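The next block is protein29.tsv, given as TSV, C-alpha atoms.
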chain	number	residue	atom	x	y	z
A	219	MET	CA	116.28	23.28	77.13
A	220	LYS	CA	119.95	24.02	76.85
A	221	SER	CA	119.63	26.76	74.23
A	222	SER	CA	117.16	28.83	76.21
A	223	ARG	CA	119.76	30.20	78.57
A	224	ARG	CA	121.99	31.08	75.62
A	225	ARG	CA	119.14	32.82	73.89
A	226	PHE	CA	118.29	34.72	77.01
A	227	MET	CA	121.86	36.02	77.35
A	228	LYS	CA	121.89	37.12	73.71
A	229	LEU	CA	118.66	38.96	74.10
A	230	ALA	CA	119.79	40.63	77.29
A	231	GLY	CA	123.00	41.71	75.60
A	232	ALA	CA	121.18	43.20	72.65
A	233	ALA	CA	118.82	45.04	74.96
A	234	ALA	CA	121.72	46.50	76.95
A	235	LEU	CA	123.36	47.67	73.74
A	236	GLY	CA	120.14	49.32	72.64
A	237	LEU	CA	119.81	51.17	75.93
A	238	GLY	CA	123.41	52.27	75.82
A	239	ALA	CA	122.98	53.60	72.29
A	240	GLN	CA	120.12	55.93	73.23
A	241	PRO	CA	122.22	58.88	74.43
A	242	VAL	CA	124.44	58.52	71.36
A	243	ILE	CA	121.47	58.66	69.05
A	244	LYS	CA	120.12	61.65	70.95
A	245	ALA	CA	123.42	63.46	70.57
A	246	VAL	CA	123.78	62.74	66.88
A	247	ALA	CA	120.17	63.18	65.77
A	248	PRO	CA	119.19	66.77	64.93
A	249	ALA	CA	117.55	68.55	67.89
A	250	SER	CA	113.82	68.42	67.61
A	251	GLU	CA	112.37	71.81	66.85
A	252	GLU	CA	111.56	73.33	70.25
A	253	SER	CA	109.21	76.22	70.63
A	254	PRO	CA	110.91	79.31	72.09
A	255	GLN	CA	110.93	79.33	75.87
A	256	PRO	CA	110.23	82.31	78.10
A	257	VAL	CA	113.30	83.96	79.59
A	258	ILE	CA	113.63	85.10	83.20
A	259	ARG	CA	116.35	87.63	83.91
A	260	LYS	CA	117.46	90.70	85.81
A	261	GLY	CA	116.37	94.06	84.50
A	262	SER	CA	119.07	95.86	82.55
A	263	ASN	CA	119.18	98.74	85.10
A	264	ALA	CA	119.63	96.48	88.14
A	265	LEU	CA	122.53	97.57	90.35
A	266	PRO	CA	125.04	94.76	90.89
A	267	ALA	CA	127.02	94.02	94.08
A	268	GLU	CA	128.51	91.09	95.89
A	269	GLN	CA	127.61	92.41	99.33
A	270	TRP	CA	125.66	95.62	99.70
A	271	ALA	CA	126.81	97.78	102.60
A	272	MET	CA	125.94	101.12	104.11
A	273	VAL	CA	128.15	103.74	105.72
A	274	ILE	CA	126.32	106.24	107.93
A	275	ASP	CA	128.14	109.46	108.71
A	276	THR	CA	126.70	110.18	112.16
A	277	ARG	CA	128.51	113.54	112.27
A	278	ARG	CA	125.93	114.84	109.84
A	279	PHE	CA	122.96	114.18	112.13
A	280	HIS	CA	122.39	116.38	115.15
A	281	SER	CA	118.92	115.69	116.43
A	282	ALA	CA	116.21	113.10	115.98
A	283	LYS	CA	114.53	115.57	113.66
A	284	ASP	CA	117.33	115.12	111.12
A	285	LEU	CA	116.48	111.44	110.81
A	286	GLU	CA	112.75	111.88	110.44
A	287	PRO	CA	112.70	112.45	106.66
A	288	LEU	CA	114.75	109.29	106.13
A	289	ILE	CA	112.46	107.16	108.26
A	290	GLU	CA	109.44	108.74	106.64
A	291	ALA	CA	110.75	108.03	103.12
A	292	CYS	CA	111.35	104.38	103.97
A	293	HIS	CA	108.12	103.73	105.81
A	294	LYS	CA	106.05	105.46	103.18
A	295	ILE	CA	107.20	103.51	100.15
A	296	HIS	CA	107.12	100.19	102.00
A	297	ASN	CA	103.66	100.63	103.52
A	298	VAL	CA	104.96	100.34	107.06
A	299	PRO	CA	102.02	100.95	109.40
A	300	HIS	CA	102.15	103.57	112.11
A	301	LEU	CA	101.03	101.89	115.32
A	302	THR	CA	101.30	104.00	118.42
A	303	ASN	CA	101.07	101.12	120.90
A	304	LYS	CA	104.72	100.32	121.68
A	305	ASN	CA	104.00	96.59	121.88
A	306	HIS	CA	102.59	96.50	118.36
A	307	GLU	CA	105.01	98.93	116.76
A	308	ILE	CA	106.42	98.09	113.29
A	309	LYS	CA	109.72	99.66	112.30
A	310	TRP	CA	112.17	99.23	109.48
A	311	ILE	CA	114.38	102.19	110.42
A	312	TRP	CA	114.33	104.01	113.72
A	313	GLU	CA	116.30	106.42	115.82
A	314	THR	CA	118.01	105.32	118.99
A	315	HIS	CA	120.40	106.54	121.65
A	316	TYR	CA	124.14	105.87	121.44
A	317	HIS	CA	124.05	103.56	124.48
A	318	ASN	CA	121.31	101.43	122.93
A	319	ALA	CA	122.96	101.24	119.55
A	320	PHE	CA	126.39	100.42	120.97
A	321	PRO	CA	125.88	98.82	124.39
A	322	GLY	CA	128.77	97.53	126.44
A	323	ASN	CA	131.16	99.25	128.78
A	324	PRO	CA	131.58	102.74	127.43
A	325	ASN	CA	134.64	104.68	128.43
A	326	PRO	CA	134.04	107.34	131.03
A	327	TYR	CA	134.25	111.03	130.12
A	328	GLN	CA	133.35	110.33	126.45
A	329	SER	CA	132.51	113.06	124.03
A	330	GLU	CA	129.08	114.25	124.99
A	331	GLU	CA	128.47	115.46	121.50
A	332	VAL	CA	128.83	111.92	120.13
A	333	GLU	CA	126.75	110.42	122.89
A	334	HIS	CA	123.91	112.75	122.15
A	335	ARG	CA	123.87	112.25	118.42
A	336	PRO	CA	120.83	110.43	117.04
A	337	PHE	CA	121.79	107.00	115.72
A	338	MET	CA	119.84	105.59	112.83
A	339	VAL	CA	119.46	101.83	113.15
A	340	LEU	CA	118.05	99.24	110.81
A	341	CYS	CA	118.61	95.64	109.78
A	342	ASN	CA	122.37	95.15	109.51
A	343	HIS	CA	122.18	92.65	106.65
A	344	CYS	CA	124.86	90.66	108.45
A	345	GLU	CA	127.35	88.60	106.56
A	346	ASN	CA	126.71	85.88	109.14
A	347	PRO	CA	123.04	86.38	109.98
A	348	PRO	CA	121.72	84.51	113.04
A	349	CYS	CA	118.10	85.06	111.97
A	350	VAL	CA	118.64	82.98	108.86
A	351	ARG	CA	119.84	80.04	110.90
A	352	ALA	CA	116.86	80.32	113.24
A	353	CYS	CA	114.18	80.35	110.54
A	354	PRO	CA	112.53	76.93	110.27
A	355	THR	CA	110.97	77.56	106.85
A	356	LYS	CA	113.84	79.39	105.14
A	357	ALA	CA	111.53	82.38	104.82
A	358	THR	CA	114.46	84.52	105.85
A	359	PHE	CA	117.52	83.95	103.73
A	360	LYS	CA	120.74	85.57	102.69
A	361	ARG	CA	120.49	86.29	99.01
A	362	GLU	CA	123.51	84.81	97.24
A	363	SER	CA	123.50	87.35	94.46
A	364	ASP	CA	123.94	90.51	96.55
A	365	GLY	CA	124.20	89.56	100.22
A	366	ILE	CA	120.91	91.13	101.30
A	367	VAL	CA	119.19	89.38	104.19
A	368	LEU	CA	115.69	89.15	102.80
A	369	MET	CA	112.34	87.87	103.85
A	370	ASP	CA	110.10	85.77	101.68
A	371	PHE	CA	106.79	86.84	103.20
A	372	HIS	CA	105.07	84.03	101.38
A	373	ARG	CA	106.83	81.52	103.57
A	374	CYS	CA	106.77	83.27	106.94
A	375	ILE	CA	104.73	81.31	109.47
A	376	GLY	CA	105.09	83.92	112.19
A	377	CYS	CA	107.02	81.76	114.67
A	378	ARG	CA	109.23	84.72	115.62
A	379	PHE	CA	112.39	82.64	116.12
A	380	CYS	CA	114.17	85.20	113.95
A	381	MET	CA	113.16	87.98	116.32
A	382	ALA	CA	114.65	86.07	119.22
A	383	ALA	CA	117.79	85.38	117.19
A	384	CYS	CA	118.40	88.94	115.99
A	385	PRO	CA	120.68	90.77	118.45
A	386	TYR	CA	119.66	94.16	117.06
A	387	GLY	CA	115.89	94.06	117.43
A	388	SER	CA	115.60	94.77	113.74
A	389	ARG	CA	112.45	92.74	113.28
A	390	SER	CA	108.84	93.53	114.07
A	391	PHE	CA	105.86	91.25	114.29
A	392	ASN	CA	102.43	92.08	112.92
A	393	PHE	CA	100.22	91.47	115.93
A	394	ARG	CA	97.37	93.20	114.11
A	395	ASP	CA	96.24	93.67	110.54
A	396	PRO	CA	98.52	96.55	109.47
A	397	ARG	CA	96.29	97.93	106.72
A	398	PRO	CA	94.11	100.27	108.80
A	399	PHE	CA	97.28	101.89	110.18
A	400	ILE	CA	98.86	102.82	106.86
A	401	GLU	CA	98.11	106.46	106.27
A	402	GLU	CA	98.82	106.51	102.54
A	403	THR	CA	99.21	103.20	100.76
A	404	ASN	CA	101.84	102.90	98.06
A	405	PRO	CA	100.01	100.79	95.46
A	406	LYS	CA	103.28	99.60	93.94
A	407	PHE	CA	104.39	97.67	97.01
A	408	PRO	CA	102.49	94.96	98.91
A	409	THR	CA	101.52	95.48	102.52
A	410	ARG	CA	101.98	92.73	105.05
A	411	MET	CA	99.31	90.85	106.98
A	412	LYS	CA	98.64	89.85	110.56
A	413	GLY	CA	100.94	87.07	111.71
A	414	VAL	CA	104.11	87.73	109.73
A	415	VAL	CA	107.42	89.26	110.76
A	416	GLU	CA	108.91	92.11	108.76
A	417	LYS	CA	112.05	94.22	108.52
A	418	CYS	CA	114.17	96.40	106.24
A	419	ASN	CA	114.91	94.84	102.83
A	420	PHE	CA	117.75	97.23	101.83
A	421	CYS	CA	115.26	98.39	99.16
A	422	ALA	CA	115.75	95.27	97.06
A	423	GLU	CA	112.87	96.41	94.82
A	424	ARG	CA	114.62	99.75	94.14
A	425	LEU	CA	118.06	98.24	93.52
A	426	ALA	CA	116.41	96.04	90.91
A	427	VAL	CA	115.47	99.10	88.88
A	428	GLY	CA	118.69	101.01	89.37
A	429	GLN	CA	117.76	103.19	92.35
A	430	LYS	CA	119.64	103.55	95.63
A	431	PRO	CA	117.69	102.85	98.84
A	432	ALA	CA	115.13	105.45	99.83
A	433	CYS	CA	116.92	106.47	103.07
A	434	VAL	CA	120.18	106.95	101.19
A	435	GLU	CA	118.43	109.13	98.66
A	436	ALA	CA	116.81	111.20	101.41
A	437	SER	CA	120.05	111.63	103.38
A	438	ASN	CA	121.71	114.29	101.19
A	439	GLY	CA	124.91	112.29	101.06
A	440	ALA	CA	125.16	111.51	104.78
A	441	ILE	CA	124.62	107.84	104.01
A	442	VAL	CA	126.64	106.07	101.35
A	443	PHE	CA	125.63	102.76	99.84
A	444	GLY	CA	127.75	100.41	97.76
A	445	ASP	CA	129.52	97.13	97.29
A	446	LEU	CA	131.66	96.12	100.27
A	447	LYS	CA	133.61	93.61	98.20
A	448	ASP	CA	134.61	96.10	95.54
A	449	PRO	CA	137.85	97.78	96.71
A	450	HIS	CA	137.13	100.80	94.52
A	451	SER	CA	133.59	101.41	95.72
A	452	GLU	CA	132.62	104.56	97.54
A	453	VAL	CA	131.89	102.68	100.76
A	454	ARG	CA	135.34	101.12	100.76
A	455	GLU	CA	136.88	104.51	100.23
A	456	LEU	CA	134.98	105.91	103.21
A	457	LEU	CA	135.96	102.92	105.35
A	458	ARG	CA	139.60	103.48	104.44
A	459	GLU	CA	139.54	107.15	105.28
A	460	ASN	CA	137.38	107.23	108.40
A	461	PHE	CA	137.23	105.42	111.70
A	462	THR	CA	134.02	103.41	111.74
A	463	ILE	CA	132.22	101.21	114.26
A	464	ARG	CA	129.60	98.53	113.87
A	465	ARG	CA	126.90	97.35	116.24
A	466	LYS	CA	127.75	94.50	118.65
A	467	GLN	CA	130.66	93.48	116.50
A	468	ASN	CA	131.92	91.03	119.13
A	469	LEU	CA	128.97	88.73	118.41
A	470	GLY	CA	130.50	87.75	115.10
A	471	THR	CA	127.50	88.55	112.94
A	472	GLU	CA	129.54	90.88	110.68
A	473	PRO	CA	127.04	93.70	110.16
A	474	SER	CA	127.08	95.47	106.80
A	475	VAL	CA	126.06	98.81	108.29
A	476	TYR	CA	129.01	100.96	109.37
A	477	TYR	CA	128.93	104.14	111.44
A	478	ILE	CA	131.44	106.98	111.13
A	479	VAL	CA	131.66	108.58	114.59
B	211	MET	CA	63.66	31.93	102.33
B	212	LYS	CA	60.88	33.90	103.97
B	213	ASP	CA	62.92	37.12	103.90
B	214	LYS	CA	63.40	37.18	100.13
B	215	LYS	CA	61.25	40.23	99.56
B	216	TRP	CA	63.05	42.19	102.26
B	217	ILE	CA	66.39	41.30	100.79
B	218	VAL	CA	65.29	42.43	97.31
B	219	LEU	CA	63.83	45.64	98.71
B	220	GLY	CA	67.05	46.28	100.62
B	221	LEU	CA	69.11	45.78	97.47
B	222	VAL	CA	66.89	48.12	95.46
B	223	VAL	CA	67.21	50.84	98.08
B	224	PHE	CA	70.97	50.28	98.35
B	225	PHE	CA	71.65	50.50	94.63
B	226	GLY	CA	69.19	53.34	94.26
B	227	LEU	CA	71.17	55.40	96.76
B	228	LEU	CA	74.47	54.28	95.27
B	229	LEU	CA	73.56	55.32	91.74
B	230	PHE	CA	71.61	58.42	92.66
B	231	PRO	CA	74.55	60.87	92.21
B	232	LEU	CA	75.25	59.53	88.72
B	233	ALA	CA	71.62	59.82	87.73
B	234	TRP	CA	71.47	63.33	89.21
B	235	ASN	CA	74.46	64.45	87.23
B	236	MET	CA	72.93	63.12	84.00
B	237	LEU	CA	69.63	64.85	84.57
B	238	VAL	CA	70.78	68.21	85.98
B	239	LYS	CA	73.16	70.49	84.07
B	240	ALA	CA	76.14	71.96	85.99
B	241	ALA	CA	76.12	75.71	86.44
B	242	PRO	CA	77.78	77.23	83.35
B	243	ALA	CA	81.29	78.62	83.74
B	244	PRO	CA	81.18	82.37	84.21
B	245	GLU	CA	82.09	84.80	81.47
B	246	VAL	CA	85.18	86.76	82.35
B	247	VAL	CA	85.34	90.37	81.22
B	248	LEU	CA	88.45	91.80	79.56
B	249	THR	CA	89.31	95.44	80.16
B	250	LYS	CA	89.92	97.84	77.28
B	251	LYS	CA	93.60	97.66	78.02
B	252	ALA	CA	93.64	93.86	77.90
B	253	LYS	CA	91.63	93.85	74.67
B	254	ALA	CA	94.08	96.23	73.10
B	255	ALA	CA	96.96	93.97	74.12
B	256	LYS	CA	95.13	91.01	72.51
B	257	GLN	CA	97.40	88.45	74.16
B	258	CYS	CA	98.08	87.57	77.75
B	259	VAL	CA	101.57	86.92	79.10
B	260	MET	CA	101.36	83.42	77.68
B	261	PRO	CA	98.80	81.81	75.36
B	262	LYS	CA	95.26	81.73	76.68
B	263	GLU	CA	95.03	77.97	77.25
B	264	TYR	CA	98.21	78.08	79.27
B	265	MET	CA	96.98	81.04	81.32
B	266	THR	CA	93.62	79.45	82.04
B	267	SER	CA	95.11	76.27	83.39
B	268	GLU	CA	98.56	77.29	84.61
B	269	HIS	CA	98.35	80.89	85.84
B	270	MET	CA	98.90	79.81	89.46
B	271	GLN	CA	102.12	78.06	88.51
B	272	LEU	CA	103.23	81.09	86.55
B	273	LEU	CA	102.56	83.35	89.54
B	274	ASP	CA	104.46	80.98	91.79
B	275	LEU	CA	107.42	81.05	89.41
B	276	TRP	CA	107.25	84.83	89.28
B	277	ARG	CA	107.26	85.34	93.00
B	278	HIS	CA	110.06	82.85	93.48
B	279	SER	CA	112.20	84.50	90.82
B	280	VAL	CA	111.58	87.99	92.14
B	281	VAL	CA	111.90	87.42	95.86
B	282	ARG	CA	114.53	84.72	96.02
B	283	ASN	CA	116.57	85.07	92.82
B	284	ALA	CA	116.42	88.85	92.31
B	285	LYS	CA	115.19	88.41	88.73
B	286	ARG	CA	112.26	90.61	87.87
B	287	GLU	CA	112.03	90.56	84.10
B	288	TYR	CA	110.05	88.00	82.12
B	289	VAL	CA	110.35	87.78	78.36
B	290	ASN	CA	107.66	85.65	76.78
B	291	PRO	CA	108.26	83.54	73.68
B	292	GLU	CA	107.06	86.40	71.48
B	293	GLY	CA	109.80	88.57	72.97
B	294	LYS	CA	107.50	90.85	74.97
B	295	LYS	CA	108.92	92.03	78.30
B	296	PHE	CA	106.98	91.96	81.56
B	297	ASP	CA	107.83	93.16	85.05
B	298	MET	CA	107.05	90.09	87.14
B	299	SER	CA	104.53	91.63	89.48
B	300	LEU	CA	101.09	90.53	90.56
B	301	SER	CA	99.62	93.96	91.29
B	302	ASN	CA	101.66	95.99	88.84
B	303	THR	CA	101.43	93.70	85.82
B	304	CYS	CA	98.56	91.21	86.01
B	305	LEU	CA	96.25	93.79	87.54
B	306	ASP	CA	97.45	96.44	85.14
B	307	CYS	CA	95.67	94.65	82.29
B	308	HIS	CA	93.13	92.83	84.43
B	309	SER	CA	92.31	95.84	86.57
B	310	ASN	CA	88.71	94.65	86.78
B	311	LYS	CA	89.58	92.01	89.35
B	312	GLU	CA	85.93	91.52	90.42
B	313	GLN	CA	84.84	90.68	86.90
B	314	PHE	CA	87.91	88.69	86.04
B	315	CYS	CA	89.90	86.84	88.70
B	316	ASP	CA	87.14	86.85	91.32
B	317	ARG	CA	84.39	85.70	89.01
B	318	CYS	CA	86.29	82.64	88.03
B	319	HIS	CA	87.57	81.94	91.51
B	320	ASN	CA	84.14	82.25	93.10
B	321	TYR	CA	82.84	79.74	90.61
B	322	ALA	CA	85.70	77.34	91.32
B	323	SER	CA	85.54	78.15	95.04
B	324	VAL	CA	89.20	79.18	95.26
B	325	ARG	CA	90.18	81.96	97.62
B	326	PRO	CA	93.74	83.09	97.02
B	327	TYR	CA	95.06	84.88	100.12
B	328	CYS	CA	97.37	87.07	98.03
B	329	TRP	CA	95.20	90.16	98.51
B	330	ASP	CA	95.86	90.25	102.24
B	331	CYS	CA	99.12	91.86	101.19
B	332	HIS	CA	99.09	92.60	97.47
B	333	ILE	CA	97.03	95.63	96.55
B	334	ASP	CA	93.97	94.43	94.64
B	335	ASN	CA	93.13	97.73	93.04
B	336	PRO	CA	96.46	99.42	92.35
B	337	LYS	CA	94.97	102.00	90.04
B	338	GLY	CA	92.35	103.05	92.55
B	339	GLU	CA	89.55	102.74	90.02
B	340	GLU	CA	85.86	103.21	90.92

This entry written out as structure tokens:
Amino acid sequence: MKSSRRRFMKLAGAAALGLGAQPVIKAVAPASEESPQPVIRKGSNALPAEQWAMVIDTRRFHSAKDLEPLIEACHKIHNVPHLTNKNHEIKWIWETHYHNAFPGNPNPYQSEEVEHRPFMVLCNHCENPPCVRACPTKATFKRESDGIVLMDFHRCIGCRFCMAACPYGSRSFNFRDPRPFIEETNPKFPTRMKGVVEKCNFCAERLAVGQKPACVEASNGAIVFGDLKDPHSEVRELLRENFTIRRKQNLGTEPSVYYIV
Amino acid sequence: MKDKKWIVLGLVVFFGLLLFPLAWNMLVKAAPAPEVVLTKKAKAAKQCVMPKEYMTSEHMQLLDLWRHSVVRNAKREYVNPEGKKFDMSLSNTCLDCHSNKEQFCDRCHNYASVRPYCWDCHIDNPKGEE
């Protein structure tokens, strides 16, 4: 049976050649007629940015009342429930005192006017977000396309690690079904359900159709929104011309919300 | 072999029980699939987002693709092979045509015993009809 090994080698060689030729044939042969495929894309009005950022001119706000319309606008369009029990409270934007917004060792004899201004706080959409690292399901993620720290509610398992990780208290947990506590439901936006965490989304759904965030729109120009990475954007101009501070900057989270004081 | 008759009886009972489900299925007809109702708006549109066969069997995959594209990739526009544009939204698009959720989605899902949890968050009657 001497020839059998020889024959086997020949056959194996031919087979290898045949396999190797397949990609060549595929490349040369005319493409088979494919049916048109659906296309998924951004809307043509979508606002582009590398990293969205917000500059809040705190000089323009004098009392908590001045912030109310902004909070109202946000909470209304996003179906944020109004729970009066402090332990169950859900907030995307809220008003806080200077010392809570910027804790640390304040200088003595500071401007009382500044200290008594109302400070609007919200998710900082950090460039280095600790909540994203804490999330075990990647429900919270930093969106590559525009730097927004978003939540995929479909993946949230309600473990609340993100709440522990966030140094700003920007996240709220739905201890109860929120639906009975929404005064007027916006049918265009989903609610949330018991057992998920939620927070500000920088109005991702509005940016997608070419609108600025609701709080910016309601602020009469006191809040400016734009691309932090674009040197010619309005936010960069404001940052150049004004002294600004950010919350707990020493933690290294790189907040994208700036305050002119 | 005194026990022969018991063995035979045992086998008859055993196979009887074993084959009973098959016999049952041959004799009794399954409940017919429910008729889904199309709204006026859907009828006027004639076609769904994708061809009917695809929608019937793959709508859950399509919805999954939609939510992933919208939430994670910031892409909200879907252009079907015919070139028609859709805003990828469960409540604002699917339920715009199929606004009769009870007679459409629910009817089919009740029959198939599927209970999507989407409506815990997504508004199931965005137009506030009835």

Give me, as a tab-separated table (two decimals) with C-alpha atoms, in the coordinates of the input, the contact residues of chain B against chain A at a cut-off of 10 Å, counting only C-alpha atoms.
chain	number	residue	atom	x	y	z
B	259	VAL	CA	101.57	86.92	79.10
B	260	MET	CA	101.36	83.42	77.68
B	275	LEU	CA	107.42	81.05	89.41
B	276	TRP	CA	107.25	84.83	89.28
B	277	ARG	CA	107.26	85.34	93.00
B	278	HIS	CA	110.06	82.85	93.48
B	279	SER	CA	112.20	84.50	90.82
B	280	VAL	CA	111.58	87.99	92.14
B	281	VAL	CA	111.90	87.42	95.86
B	282	ARG	CA	114.53	84.72	96.02
B	283	ASN	CA	116.57	85.07	92.82
B	284	ALA	CA	116.42	88.85	92.31
B	285	LYS	CA	115.19	88.41	88.73
B	286	ARG	CA	112.26	90.61	87.87
B	287	GLU	CA	112.03	90.56	84.10
B	288	TYR	CA	110.05	88.00	82.12
B	289	VAL	CA	110.35	87.78	78.36
B	290	ASN	CA	107.66	85.65	76.78
B	291	PRO	CA	108.26	83.54	73.68
B	292	GLU	CA	107.06	86.40	71.48
B	293	GLY	CA	109.80	88.57	72.97
B	294	LYS	CA	107.50	90.85	74.97
B	295	LYS	CA	108.92	92.03	78.30
B	296	PHE	CA	106.98	91.96	81.56
B	297	ASP	CA	107.83	93.16	85.05
B	298	MET	CA	107.05	90.09	87.14
B	299	SER	CA	104.53	91.63	89.48
B	300	LEU	CA	101.09	90.53	90.56
B	301	SER	CA	99.62	93.96	91.29
B	302	ASN	CA	101.66	95.99	88.84
B	328	CYS	CA	97.37	87.07	98.03
B	329	TRP	CA	95.20	90.16	98.51
B	330	ASP	CA	95.86	90.25	102.24
B	331	CYS	CA	99.12	91.86	101.19
B	332	HIS	CA	99.09	92.60	97.47
B	333	ILE	CA	97.03	95.63	96.55
B	334	ASP	CA	93.97	94.43	94.64
B	335	ASN	CA	93.13	97.73	93.04
B	336	PRO	CA	96.46	99.42	92.35
B	337	LYS	CA	94.97	102.00	90.04
B	338	GLY	CA	92.35	103.05	92.55

Please list as a VMD selection string every residue within 7 Å of range 305-308 of chain B, counting all atoms listed in the file and excluding residues in the same chain fewer than 6 positions away. chain B and resid 248 to 249 251 to 252 314

Skip His343 in chain A itself and residues of its chain fewer than 3 positions away, then list as a list in words all residues within 7 Å of it, counting all atoms listed in the file.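 My list of contacting residues is Ile366, Val367, Pro473 and Ser474 of chain A.
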
Quick one: residues within 12 Å of (107.1, 80.6, 115.4) (file frame), counting all atoms listed in the file, please, as a list of chain:residue names. A:Ala352, A:Cys353, A:Pro354, A:Thr355, A:Ala357, A:Arg373, A:Cys374, A:Ile375, A:Gly376, A:Cys377, A:Arg378, A:Phe379, A:Cys380, A:Met381, A:Ala382, A:Ala383, A:Phe391, A:Gly413, A:Val414, A:Val415

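Between Val273 in chain A and the residues A:Phe461, A:Tyr476, A:Phe420, A:Tyr327, the shortest atom-to-atom distance, using only C-alpha atoms, involves A:Tyr476.
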
Counting all atoms listed in the file, the option among A:Ile478, A:Leu457, A:Ile400, A:Cys292 closest to Gly444 in chain A: A:Leu457

Expressed in Å to a single decimal, how great is the separation between CA of Glu312 in chain B and CA of Glu245 in chain B? 11.8 Å

Trp312 in chain A proximity check over A:Lys417, A:Lys228, A:His334, A:His280, using only C-alpha atoms: winner is A:Lys417

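Between CA of Asp275 in chain A and CA of Pro449 in chain A the separation is 19.4 Å.
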
Return the single residue from B:Met236, B:Leu228, B:Val247, B:Cys258 that is closest to Cys315 in chain B, with distances computed using all atoms listed in the file. B:Val247

If the box runs along x, y and z of the file and leaves 6 Å on each side of range 307-318 of chain B, what are its centre and edge lengths in Å, one decimal, as JSON?
{"center_x": 90.0, "center_y": 89.2, "center_z": 86.8, "size_x": 23.3, "size_y": 25.2, "size_z": 21.0}

Can you write out as CSV which residues of range 410-456 of chain A fall within 9 Å of range 307-311 of chain A, alongside each residue's closest atom pair and its distance in Å to one decimal, counting only C-alpha atoms and ordering rows by chain and ascending residue number?
residue,atom,partner,partner_atom,distance
A:Glu416,CA,A:Trp310,CA,7.9
A:Lys417,CA,A:Trp310,CA,5.1
A:Cys418,CA,A:Trp310,CA,4.7
A:Asn419,CA,A:Trp310,CA,8.4
A:Cys433,CA,A:Ile311,CA,8.9

Repair of range 314-324 of chain B at the level of N, CA, C and O atoms, as a PDB file, in the coordinates of the input:
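Here's the written file part25.pdb:
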ATOM      1  N   PHE B 314      86.980  89.589  86.713  1.00  0.00           N
ATOM      2  CA  PHE B 314      87.910  88.690  86.040  1.00  0.00           C
ATOM      3  C   PHE B 314      88.372  87.589  87.003  1.00  0.00           C
ATOM      4  O   PHE B 314      87.757  86.522  87.049  1.00  0.00           O
ATOM      5  N   CYS B 315      89.381  87.852  87.779  1.00  0.00           N
ATOM      6  CA  CYS B 315      89.900  86.840  88.700  1.00  0.00           C
ATOM      7  C   CYS B 315      88.791  86.322  89.621  1.00  0.00           C
ATOM      8  O   CYS B 315      88.573  85.112  89.739  1.00  0.00           O
ATOM      9  N   ASP B 316      88.092  87.254  90.280  1.00  0.00           N
ATOM     10  CA  ASP B 316      87.140  86.850  91.320  1.00  0.00           C
ATOM     11  C   ASP B 316      86.004  86.008  90.759  1.00  0.00           C
ATOM     12  O   ASP B 316      85.563  85.046  91.369  1.00  0.00           O
ATOM     13  N   ARG B 317      85.530  86.393  89.581  1.00  0.00           N
ATOM     14  CA  ARG B 317      84.390  85.700  89.010  1.00  0.00           C
ATOM     15  C   ARG B 317      84.706  84.232  88.811  1.00  0.00           C
ATOM     16  O   ARG B 317      83.921  83.351  89.125  1.00  0.00           O
ATOM     17  N   CYS B 318      85.869  84.006  88.298  1.00  0.00           N
ATOM     18  CA  CYS B 318      86.290  82.640  88.030  1.00  0.00           C
ATOM     19  C   CYS B 318      86.564  81.907  89.337  1.00  0.00           C
ATOM     20  O   CYS B 318      86.189  80.749  89.496  1.00  0.00           O
ATOM     21  N   HIS B 319      87.205  82.586  90.243  1.00  0.00           N
ATOM     22  CA  HIS B 319      87.570  81.940  91.510  1.00  0.00           C
ATOM     23  C   HIS B 319      86.333  81.641  92.351  1.00  0.00           C
ATOM     24  O   HIS B 319      86.273  80.599  93.009  1.00  0.00           O
ATOM     25  N   ASN B 320      85.356  82.524  92.338  1.00  0.00           N
ATOM     26  CA  ASN B 320      84.140  82.250  93.100  1.00  0.00           C
ATOM     27  C   ASN B 320      83.457  81.001  92.555  1.00  0.00           C
ATOM     28  O   ASN B 320      82.986  80.159  93.317  1.00  0.00           O
ATOM     29  N   TYR B 321      83.443  80.905  91.242  1.00  0.00           N
ATOM     30  CA  TYR B 321      82.840  79.740  90.610  1.00  0.00           C
ATOM     31  C   TYR B 321      83.562  78.469  91.011  1.00  0.00           C
ATOM     32  O   TYR B 321      82.953  77.449  91.337  1.00  0.00           O
ATOM     33  N   ALA B 322      84.896  78.520  91.006  1.00  0.00           N
ATOM     34  CA  ALA B 322      85.700  77.340  91.320  1.00  0.00           C
ATOM     35  C   ALA B 322      85.918  77.193  92.831  1.00  0.00           C
ATOM     36  O   ALA B 322      86.560  76.254  93.277  1.00  0.00           O
ATOM     37  N   SER B 323      85.374  78.165  93.595  1.00  0.00           N
ATOM     38  CA  SER B 323      85.540  78.150  95.040  1.00  0.00           C
ATOM     39  C   SER B 323      87.023  78.124  95.454  1.00  0.00           C
ATOM     40  O   SER B 323      87.450  77.320  96.268  1.00  0.00           O
ATOM     41  N   VAL B 324      87.817  78.999  94.836  1.00  0.00           N
ATOM     42  CA  VAL B 324      89.200  79.180  95.260  1.00  0.00           C
ATOM     43  C   VAL B 324      89.304  80.566  95.885  1.00  0.00           C
ATOM     44  O   VAL B 324      88.742  81.512  95.357  1.00  0.00           O
TER      45      VAL B 324
END
